[in-house]
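> Below you'll find work35.cif; it's mmCIF, C-alpha atoms and all ligand atoms.
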```
data_data
loop_
_atom_site.label_atom_id
_atom_site.label_comp_id
_atom_site.auth_asym_id
_atom_site.auth_seq_id
_atom_site.Cartn_x
_atom_site.Cartn_y
_atom_site.Cartn_z
CA MET O 1372 -0.57 18.71 -3.67
CA ARG O 1373 -1.70 15.77 -5.77
CA LEU O 1374 -3.50 13.33 -3.54
CA ALA O 1375 -3.99 9.75 -4.66
CA CYS O 1376 -6.15 9.06 -1.66
CA ALA O 1377 -7.56 10.94 1.29
CA ALA O 1378 -9.45 10.18 4.46
CA GLU O 1379 -11.62 12.86 6.03
CA GLU O 1380 -12.87 12.34 9.58
CA LEU O 1381 -13.43 8.60 9.15
CA LYS O 1382 -15.44 6.95 11.87
CA LYS O 1383 -16.35 3.31 12.12
CA THR O 1384 -17.75 1.22 14.96
CA TYR O 1385 -18.19 -2.54 14.88
CA GLY O 1386 -21.24 -3.94 16.63
CA SER O 1387 -23.68 -1.87 18.67
CA GLY O 1388 -24.89 -1.27 22.20
CA ASP O 1389 -22.80 -2.91 24.93
CA THR O 1390 -20.65 -4.76 22.42
CA ALA O 1391 -19.85 -1.70 20.25
CA VAL O 1392 -16.15 -1.42 19.39
CA PRO O 1393 -15.06 1.92 17.94
CA ALA O 1394 -12.31 1.04 15.42
CA LEU O 1395 -11.88 4.48 13.82
CA ARG O 1396 -12.76 7.58 15.85
CA GLY O 1397 -12.14 10.41 13.39
CA VAL O 1398 -9.18 9.67 11.12
CA SER O 1399 -8.03 12.23 8.56
CA ALA O 1400 -4.99 11.77 6.31
CA GLY O 1401 -3.84 12.60 2.80
CA PHE O 1402 -1.69 10.31 0.65
CA GLU O 1403 0.26 12.20 -2.00
CA ARG O 1404 0.86 10.54 -5.34
CA GLY O 1405 4.11 8.65 -5.61
CA THR O 1406 4.64 8.45 -1.84
CA PHE O 1407 5.10 5.44 0.41
CA THR O 1408 3.26 5.52 3.77
CA ALA O 1409 3.55 2.98 6.56
CA VAL O 1410 0.56 2.62 8.89
CA MET O 1411 1.60 1.42 12.33
CA GLY O 1412 0.18 1.04 15.80
CA PRO O 1413 -0.55 -1.49 18.52
CA SER O 1414 -2.76 -4.50 17.87
CA GLY O 1415 -6.39 -3.41 17.68
CA SER O 1416 -5.55 0.27 17.02
CA GLY O 1417 -7.50 0.28 13.73
CA LYS O 1418 -4.80 -0.22 11.07
CA SER O 1419 -6.60 -2.92 9.08
CA THR O 1420 -9.93 -1.15 9.41
CA LEU O 1421 -8.40 2.06 8.06
CA MET O 1422 -6.79 0.24 5.14
CA HIS O 1423 -9.98 -1.64 4.32
CA CYS O 1424 -12.03 1.57 4.38
CA LEU O 1425 -9.52 3.44 2.19
CA ALA O 1426 -9.51 0.56 -0.30
CA GLY O 1427 -13.28 0.22 -0.52
CA LEU O 1428 -13.25 -3.22 1.12
CA ASP O 1429 -15.22 -1.98 4.10
CA ARG O 1430 -17.63 0.90 4.71
CA VAL O 1431 -17.26 3.84 7.07
CA ASP O 1432 -20.08 5.02 9.33
CA SER O 1433 -19.23 8.65 8.61
CA GLY O 1434 -16.57 10.71 6.92
CA GLN O 1435 -15.29 10.59 3.36
CA VAL O 1436 -12.81 8.48 1.45
CA LEU O 1437 -11.39 9.91 -1.76
CA LEU O 1438 -9.58 7.64 -4.16
CA GLY O 1439 -8.10 9.11 -7.33
CA GLY O 1440 -10.26 12.21 -6.86
CA VAL O 1441 -13.49 10.22 -6.54
CA VAL O 1442 -15.50 10.06 -3.32
CA ILE O 1443 -15.88 6.30 -2.85
CA SER O 1444 -17.54 6.29 0.56
CA GLY O 1445 -21.25 5.95 -0.06
CA LEU O 1446 -20.91 4.27 -3.45
CA ALA O 1447 -23.26 1.36 -4.13
CA ASP O 1448 -21.79 -2.16 -4.07
CA ARG O 1449 -21.40 -2.52 -7.83
CA ALA O 1450 -19.66 0.81 -8.20
CA LEU O 1451 -17.40 -0.03 -5.28
CA THR O 1452 -16.46 -3.36 -6.84
CA LYS O 1453 -15.47 -1.52 -10.00
CA VAL O 1454 -13.39 0.96 -7.97
CA ARG O 1455 -11.54 -1.91 -6.30
CA ARG O 1456 -10.89 -3.56 -9.64
CA ASP O 1457 -9.80 -0.45 -11.52
CA ARG O 1458 -8.20 1.82 -8.94
CA VAL O 1459 -6.72 -0.34 -6.20
CA GLY O 1460 -4.00 -2.99 -5.96
CA PHE O 1461 -3.59 -5.34 -3.00
CA VAL O 1462 -0.68 -7.29 -1.60
CA PHE O 1463 -1.11 -9.49 1.45
CA GLN O 1464 1.14 -11.48 3.74
CA SER O 1465 0.28 -14.66 1.83
CA PHE O 1466 1.16 -14.28 -1.81
CA ASN O 1467 -2.17 -15.66 -3.12
CA LEU O 1468 -0.77 -16.64 -6.51
CA VAL O 1469 -2.67 -19.17 -8.64
CA PRO O 1470 -0.46 -22.29 -8.47
CA THR O 1471 -1.36 -23.64 -11.92
CA LEU O 1472 -0.50 -20.39 -13.73
CA THR O 1473 2.96 -19.12 -14.63
CA ALA O 1474 4.28 -15.94 -13.07
CA LEU O 1475 3.39 -14.02 -16.24
CA GLN O 1476 -0.15 -15.43 -16.32
CA ASN O 1477 -0.56 -14.52 -12.65
CA ILE O 1478 0.60 -10.96 -13.32
CA LEU O 1479 -1.82 -10.57 -16.23
CA LEU O 1480 -4.76 -12.16 -14.39
CA PRO O 1481 -6.38 -8.89 -13.18
CA LEU O 1482 -6.37 -7.60 -16.76
CA ASP O 1483 -7.80 -10.88 -18.09
CA LEU O 1484 -10.58 -10.76 -15.50
CA ALA O 1485 -11.39 -7.16 -16.42
CA GLY O 1486 -11.29 -7.97 -20.14
CA ARG O 1487 -8.46 -5.50 -20.63
CA ARG O 1488 -5.53 -5.91 -22.98
CA PRO O 1489 -2.08 -5.92 -21.42
CA ASP O 1490 -0.08 -2.80 -22.20
CA ARG O 1491 3.32 -4.07 -23.28
CA ASP O 1492 5.15 -0.98 -22.01
CA ARG O 1493 3.49 -1.19 -18.60
CA LEU O 1494 4.32 -4.87 -18.33
CA ASP O 1495 7.96 -4.19 -19.22
CA LEU O 1496 8.18 -1.38 -16.66
CA VAL O 1497 6.71 -3.45 -13.85
CA VAL O 1498 8.77 -6.55 -14.67
CA GLN O 1499 11.89 -4.40 -14.83
CA ALA O 1500 11.15 -2.54 -11.58
CA LEU O 1501 10.66 -5.85 -9.75
CA ARG O 1502 13.50 -7.68 -11.55
CA ILE O 1503 11.44 -10.76 -12.40
CA GLY O 1504 12.06 -10.88 -16.15
CA ASP O 1505 13.85 -14.23 -15.95
CA ARG O 1506 11.10 -15.85 -13.85
CA LEU O 1507 8.03 -15.16 -15.97
CA GLU O 1508 7.58 -18.71 -17.28
CA HIS O 1509 7.97 -20.31 -13.83
CA ARG O 1510 5.06 -21.50 -11.71
CA PRO O 1511 4.82 -20.25 -8.11
CA SER O 1512 6.13 -23.57 -6.69
CA GLU O 1513 9.34 -23.01 -8.69
CA LEU O 1514 9.91 -19.57 -7.15
CA SER O 1515 11.33 -18.51 -3.78
CA GLY O 1516 9.05 -16.76 -1.28
CA GLY O 1517 10.58 -13.39 -2.12
CA GLN O 1518 10.15 -13.96 -5.86
CA GLN O 1519 6.54 -15.03 -5.34
CA GLN O 1520 5.84 -11.85 -3.42
CA ARG O 1521 7.48 -9.77 -6.17
CA VAL O 1522 5.17 -11.47 -8.68
CA ALA O 1523 2.24 -10.63 -6.38
CA VAL O 1524 3.38 -6.99 -6.31
CA ALA O 1525 3.70 -6.99 -10.12
CA ARG O 1526 0.15 -8.38 -10.38
CA ALA O 1527 -1.06 -5.58 -8.12
CA LEU O 1528 0.77 -2.92 -10.16
CA ILE O 1529 -0.11 -4.04 -13.67
CA THR O 1530 -3.49 -2.25 -13.66
CA GLU O 1531 -1.81 1.09 -12.74
CA PRO O 1532 -3.82 1.42 -9.51
CA ASP O 1533 -4.20 4.80 -7.84
CA VAL O 1534 -2.99 3.15 -4.64
CA LEU O 1535 -1.23 -0.10 -3.82
CA PHE O 1536 -2.36 -1.33 -0.40
CA ALA O 1537 -0.02 -3.78 1.29
CA ASP O 1538 -1.01 -5.59 4.49
CA GLU O 1539 2.08 -6.96 6.27
CA PRO O 1540 3.64 -7.79 2.87
CA THR O 1541 6.87 -9.04 4.45
CA GLY O 1542 5.20 -11.04 7.22
CA ALA O 1543 6.02 -14.40 5.62
CA LEU O 1544 9.56 -13.50 4.49
CA ASP O 1545 12.91 -13.83 6.25
CA SER O 1546 14.59 -10.53 7.07
CA THR O 1547 16.97 -10.45 4.07
CA THR O 1548 14.20 -11.28 1.62
CA ALA O 1549 11.93 -8.78 3.36
CA THR O 1550 14.53 -6.04 2.90
CA THR O 1551 14.77 -6.84 -0.81
CA LEU O 1552 10.98 -6.76 -1.20
CA LEU O 1553 10.76 -3.42 0.63
CA SER O 1554 13.44 -1.98 -1.67
CA PHE O 1555 11.31 -3.05 -4.62
CA LEU O 1556 8.25 -1.40 -3.13
CA ARG O 1557 10.21 1.82 -2.67
CA ARG O 1558 11.50 1.53 -6.23
CA SER O 1559 7.88 1.25 -7.45
CA CYS O 1560 7.23 4.63 -5.87
CA ARG O 1561 10.34 6.23 -7.30
CA GLU O 1562 10.34 4.67 -10.79
CA LEU O 1563 6.63 4.18 -11.46
CA GLY O 1564 5.25 7.04 -9.35
CA GLN O 1565 3.22 4.47 -7.43
CA THR O 1566 1.42 5.46 -4.23
CA ILE O 1567 1.77 2.80 -1.55
CA VAL O 1568 0.03 2.43 1.81
CA MET O 1569 1.49 -0.40 3.88
CA VAL O 1570 0.26 -1.75 7.20
CA THR O 1571 3.11 -3.19 9.24
CA HIS O 1572 4.17 -4.01 12.79
CA ASP O 1573 7.83 -3.90 11.86
CA PRO O 1574 9.80 -0.65 12.48
CA MET O 1575 12.46 -1.81 9.99
CA ALA O 1576 9.80 -2.21 7.29
CA ALA O 1577 8.36 1.21 8.14
CA SER O 1578 11.80 2.79 7.67
CA PHE O 1579 11.52 2.12 3.91
CA ALA O 1580 8.49 4.42 3.74
CA ASP O 1581 8.53 8.21 3.30
CA ARG O 1582 6.49 8.58 6.46
CA ALA O 1583 4.87 6.51 9.16
CA LEU O 1584 1.40 7.20 10.55
CA LEU O 1585 0.89 5.91 14.07
CA LEU O 1586 -2.58 4.85 15.10
CA SER O 1587 -3.68 4.38 18.66
CA ASP O 1588 -7.19 3.53 19.74
CA GLY O 1589 -8.73 4.54 16.41
CA LEU O 1590 -6.93 7.87 16.00
CA ILE O 1591 -3.75 9.00 14.25
CA VAL O 1592 -1.57 10.16 17.12
CA GLN O 1593 1.72 10.78 15.35
CA GLU O 1594 3.19 11.28 11.89
CA ILE O 1595 6.90 10.58 11.39
CA HIS O 1596 8.59 11.83 8.22
CA GLN O 1597 11.61 9.92 6.90
CA PRO O 1598 11.15 7.32 9.65
CA THR O 1599 14.14 5.38 10.94
CA PRO O 1600 13.68 2.10 12.85
CA ASP O 1601 14.75 3.87 16.08
CA LEU O 1602 12.35 6.79 15.65
CA VAL O 1603 9.48 4.39 15.01
CA LEU O 1604 10.44 2.05 17.82
CA ASN O 1605 10.60 4.91 20.32
CA ALA O 1606 7.25 6.26 19.19
CA MET O 1607 5.71 2.78 19.48
CA ARG O 1608 7.17 2.34 22.97
CA GLY O 1609 5.59 5.67 23.91
CA LEU O 1610 2.20 4.33 22.86
CA ALA O 1611 2.59 1.09 24.76
CA ALA O 1612 3.46 2.92 27.98
N1 LIG H 1701 -15.34 -7.51 11.96
C1 LIG H 1701 -15.18 -7.01 13.20
N2 LIG H 1701 -16.13 -7.16 14.13
C2 LIG H 1701 -16.00 -6.65 15.36
N3 LIG H 1701 -14.91 -5.96 15.78
C3 LIG H 1701 -13.92 -5.80 14.90
C4 LIG H 1701 -13.99 -6.32 13.56
N4 LIG H 1701 -12.84 -5.98 12.92
C5 LIG H 1701 -12.09 -5.31 13.80
N5 LIG H 1701 -12.73 -5.20 14.99
C6 LIG H 1701 -12.23 -4.48 16.19
O1 LIG H 1701 -11.90 -3.15 15.80
C7 LIG H 1701 -10.68 -2.72 16.43
C8 LIG H 1701 -9.66 -2.38 15.37
O2 LIG H 1701 -9.30 -3.57 14.66
P1 LIG H 1701 -8.23 -3.62 13.49
O3 LIG H 1701 -8.23 -5.01 12.95
O4 LIG H 1701 -8.48 -2.52 12.55
O5 LIG H 1701 -6.88 -3.33 14.28
P2 LIG H 1701 -5.38 -3.54 13.82
O6 LIG H 1701 -4.63 -2.34 14.29
O7 LIG H 1701 -5.32 -3.84 12.37
O8 LIG H 1701 -4.96 -4.81 14.68
P3 LIG H 1701 -3.85 -5.97 14.39
O9 LIG H 1701 -2.53 -5.28 14.44
O10 LIG H 1701 -4.05 -6.90 15.55
O11 LIG H 1701 -4.19 -6.58 13.07
C9 LIG H 1701 -10.26 -3.88 17.33
O12 LIG H 1701 -10.71 -3.61 18.63
C10 LIG H 1701 -10.96 -5.08 16.75
O13 LIG H 1701 -11.22 -6.04 17.74
#
```
What does this structure look like when you write it as structure tokens?
Ligand SMILES: Nc1ncnc2c1ncn2[C@@H]1O[C@H](COP(=O)(O)OP(=O)(O)OP(=O)(O)O)[C@@H](O)[C@H]1O


Amino acid sequence: MRLACAAEELKKTYGSGDTAVPALRGVSAGFERGTFTAVMGPSGSGKSTLMHCLAGLDRVDSGQVLLGGVVISGLADRALTKVRRDRVGFVFQSFNLVPTLTALQNILLPLDLAGRRPDRDRLDLVVQALRIGDRLEHRPSELSGGQQQRVAVARALITEPDVLFADEPTGALDSTTATTLLSFLRRSCRELGQTIVMVTHDPMAASFADRALLLSDGLIVQEIHQPTPDLVLNAMRGLAA
């Protein structure tokens, strides 16, 4: 099994004493290369904390995070910053594009910042997978919400990250545009071998993933392979009860 990322017994508590909030209480999971995982669960179950710890944005109290075969938990700040830059891509609910730059300049920005040359073949692959070839010279204000988010995904993929982390990537899109974006995410897995971990509240969004992990109260309580909206919805209802 080729793991792009793995969590081993992750524990994290915010605050201390009377105000301590355990956010992760021993989470273990493996993320195989080229697979698409949805992370779901009720509000406050630890989804964002898990994603942030896997991506090196936050630190665990104990346990190990492996990213691309490297143990990143315990790395010093500078090394962790480099890991985030070189190994991880992020997509958020808000597209976070730079308004004064064209779509192409936005996509190439992470490479510019890292002083890396764009690889023409990679750029072509990503642009093709996301079908944004005819929008590259447009500025974000000249693009639809769905197109802007596809540019944001392209920007996250251009560096060939070990994992693309997406936090509610369809939260600001209408349902048709969301479906299109999710199809593109799935295509990135299939065509580019990209590993994706997506936090979502939406059972329809989760059904585009290869599996859904359900968190409850800081623990993974269920894993659903080939999730359908109904399977996910029923599992979520079970948690709420
Ligand atoms: N910076 C913080 N300081 C204190 N407590 C925090 C902090 N971040 C998260 N928490 C707490 O940790 C628990 C898990 O939060 P987390 O944001 O990971 O949940 P979530 O499943 O992503 O929730 P949501 O779906 O509402 O975004 C919650 O009880 C939350 O209140």

> Select from region 1411-1530 of chain O every residue with an atom at most 10 Å from any atom of region 1391-1405 of chain O, then for each give the shortest pair of atoms and their distance in Å to one decimal, using all atoms listed in the file, rows by chain and rising number, as CSV.


```
residue,atom,partner,partner_atom,distance
O:Gly1415,CA,O:Ala1394,CA,7.7
O:Ser1416,CA,O:Ala1394,CA,7.0
O:Gly1417,CA,O:Ala1394,CA,5.2
O:Lys1418,CA,O:Ala1394,CA,8.8
O:Ser1419,CA,O:Ala1394,CA,9.4
O:Thr1420,CA,O:Ala1394,CA,6.8
O:Leu1421,CA,O:Leu1395,CA,7.2
O:Cys1424,CA,O:Leu1395,CA,9.9
O:Val1431,CA,O:Leu1395,CA,8.7
O:Asp1432,CA,O:Leu1395,CA,9.4
O:Ser1433,CA,O:Gly1397,CA,8.7
O:Gly1434,CA,O:Gly1397,CA,7.8
O:Gln1435,CA,O:Ser1399,CA,9.1
O:Val1436,CA,O:Ser1399,CA,9.4
O:Leu1437,CA,O:Gly1401,CA,9.2
O:Leu1438,CA,O:Phe1402,CA,9.6
O:Gly1439,CA,O:Arg1404,CA,9.3
```

> With distances taken over only C-alpha atoms, which of O:Ser1444, O:Ala1426, O:Thr1471, O:Thr1566 is nearest to Glu1380 (chain O)?

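Nearest to Glu1380 (chain O): O:Ser1444.
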
> One number please: CA of Met1569 (chain O) to CA of Ser1387 (chain O), in Å, one decimal.

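If I compute the distance from CA of Met1569 (chain O) to CA of Ser1387 (chain O), I get 29.2 Å.
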
> For a test of reading the model, state the distance in Å between atom C4 of ligand LIG 1701 (chain H) and CA of Tyr1385 (chain O), rounded to one decimal.

5.8 Å

> Which of these residues is nearest to Arg1557 (chain O), using all atoms listed in the file: O:Ala1576, O:Leu1480, O:Arg1455, O:Ala1377?

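The answer is O:Ala1576, which sits nearest to Arg1557 (chain O).
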
> Would you pick out the contacts of region 1499-1510 of chain O at 8 Å or less, using only C-alpha atoms, so that residues sharing its chain but fewer than 6 positions from it are not included, and give the list as number ranges by chain?

O: 1470-1475, 1518, 1521-1522, 1525, 1555, 1558-1559, 1562

> Tell me which of O:Gln1593, O:Gln1519, O:Ser1554, O:Ser1414 sits closest to ligand LIG 1701 (chain H), counting all atoms listed in the file.

O:Ser1414

> Hey, which of O:Val1603, O:Ser1546, O:Ala1375, O:Asp1448 ends up closest to Leu1425 (chain O)? Count only C-alpha atoms.

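Closest candidate: O:Ala1375.
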
> Just checking: using all atoms listed in the file, which residue out of O:Met1575, O:Ile1529, O:Cys1560, O:Ala1549 ends up closest to Asp1490 (chain O)?

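Comparing O:Met1575, O:Ile1529, O:Cys1560, O:Ala1549 against Asp1490 (chain O), the winner is O:Ile1529.
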
> Calculated over all atoms listed in the file, which of the candidates O:Ile1443, O:Ala1580, O:Val1568, O:Val1410 has the smallest distance to ligand LIG 1701 (chain H)?

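Smallest distance to ligand LIG 1701 (chain H) is found for O:Val1410.
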
> So the first atom is atom P2 of ligand LIG 1701 (chain H) and the second is CA of Ala1409 (chain O); what is the distance between them in Å, to one decimal place?

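CA of Ala1409 (chain O) lies at a distance of 13.2 Å from atom P2 of ligand LIG 1701 (chain H).
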
> Hey, what's within 10 Å of Arg1493 (chain O) if we count all atoms listed in the file and toss same-chain stuff fewer than 2 positions away? As a list in words, please?

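Those residues are Pro1489, Asp1490, Arg1491, Asp1495, Leu1496, Val1497, Val1498, Gln1499, Leu1528, Ile1529, Thr1530, Glu1531 and Leu1563 of chain O.
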
> Draw an axis-aligned box over all listed atoms of ligand LIG 1701 (chain H), pad each side with 4 Å, and write its centre and edge lengths in Å, one decimal, as lines of an AutoDock Vina configuration file.


```
center_x = -9.3
center_y = -4.9
center_z = 15.3
size_x = 21.6
size_y = 13.2
size_z = 14.7
```

> Please identify all polymer residues within 12 Å of Gly1609 (chain O), counting only C-alpha atoms, omitting same-chain residues fewer than 3 positions from it, and present them as a count of residues only.

12
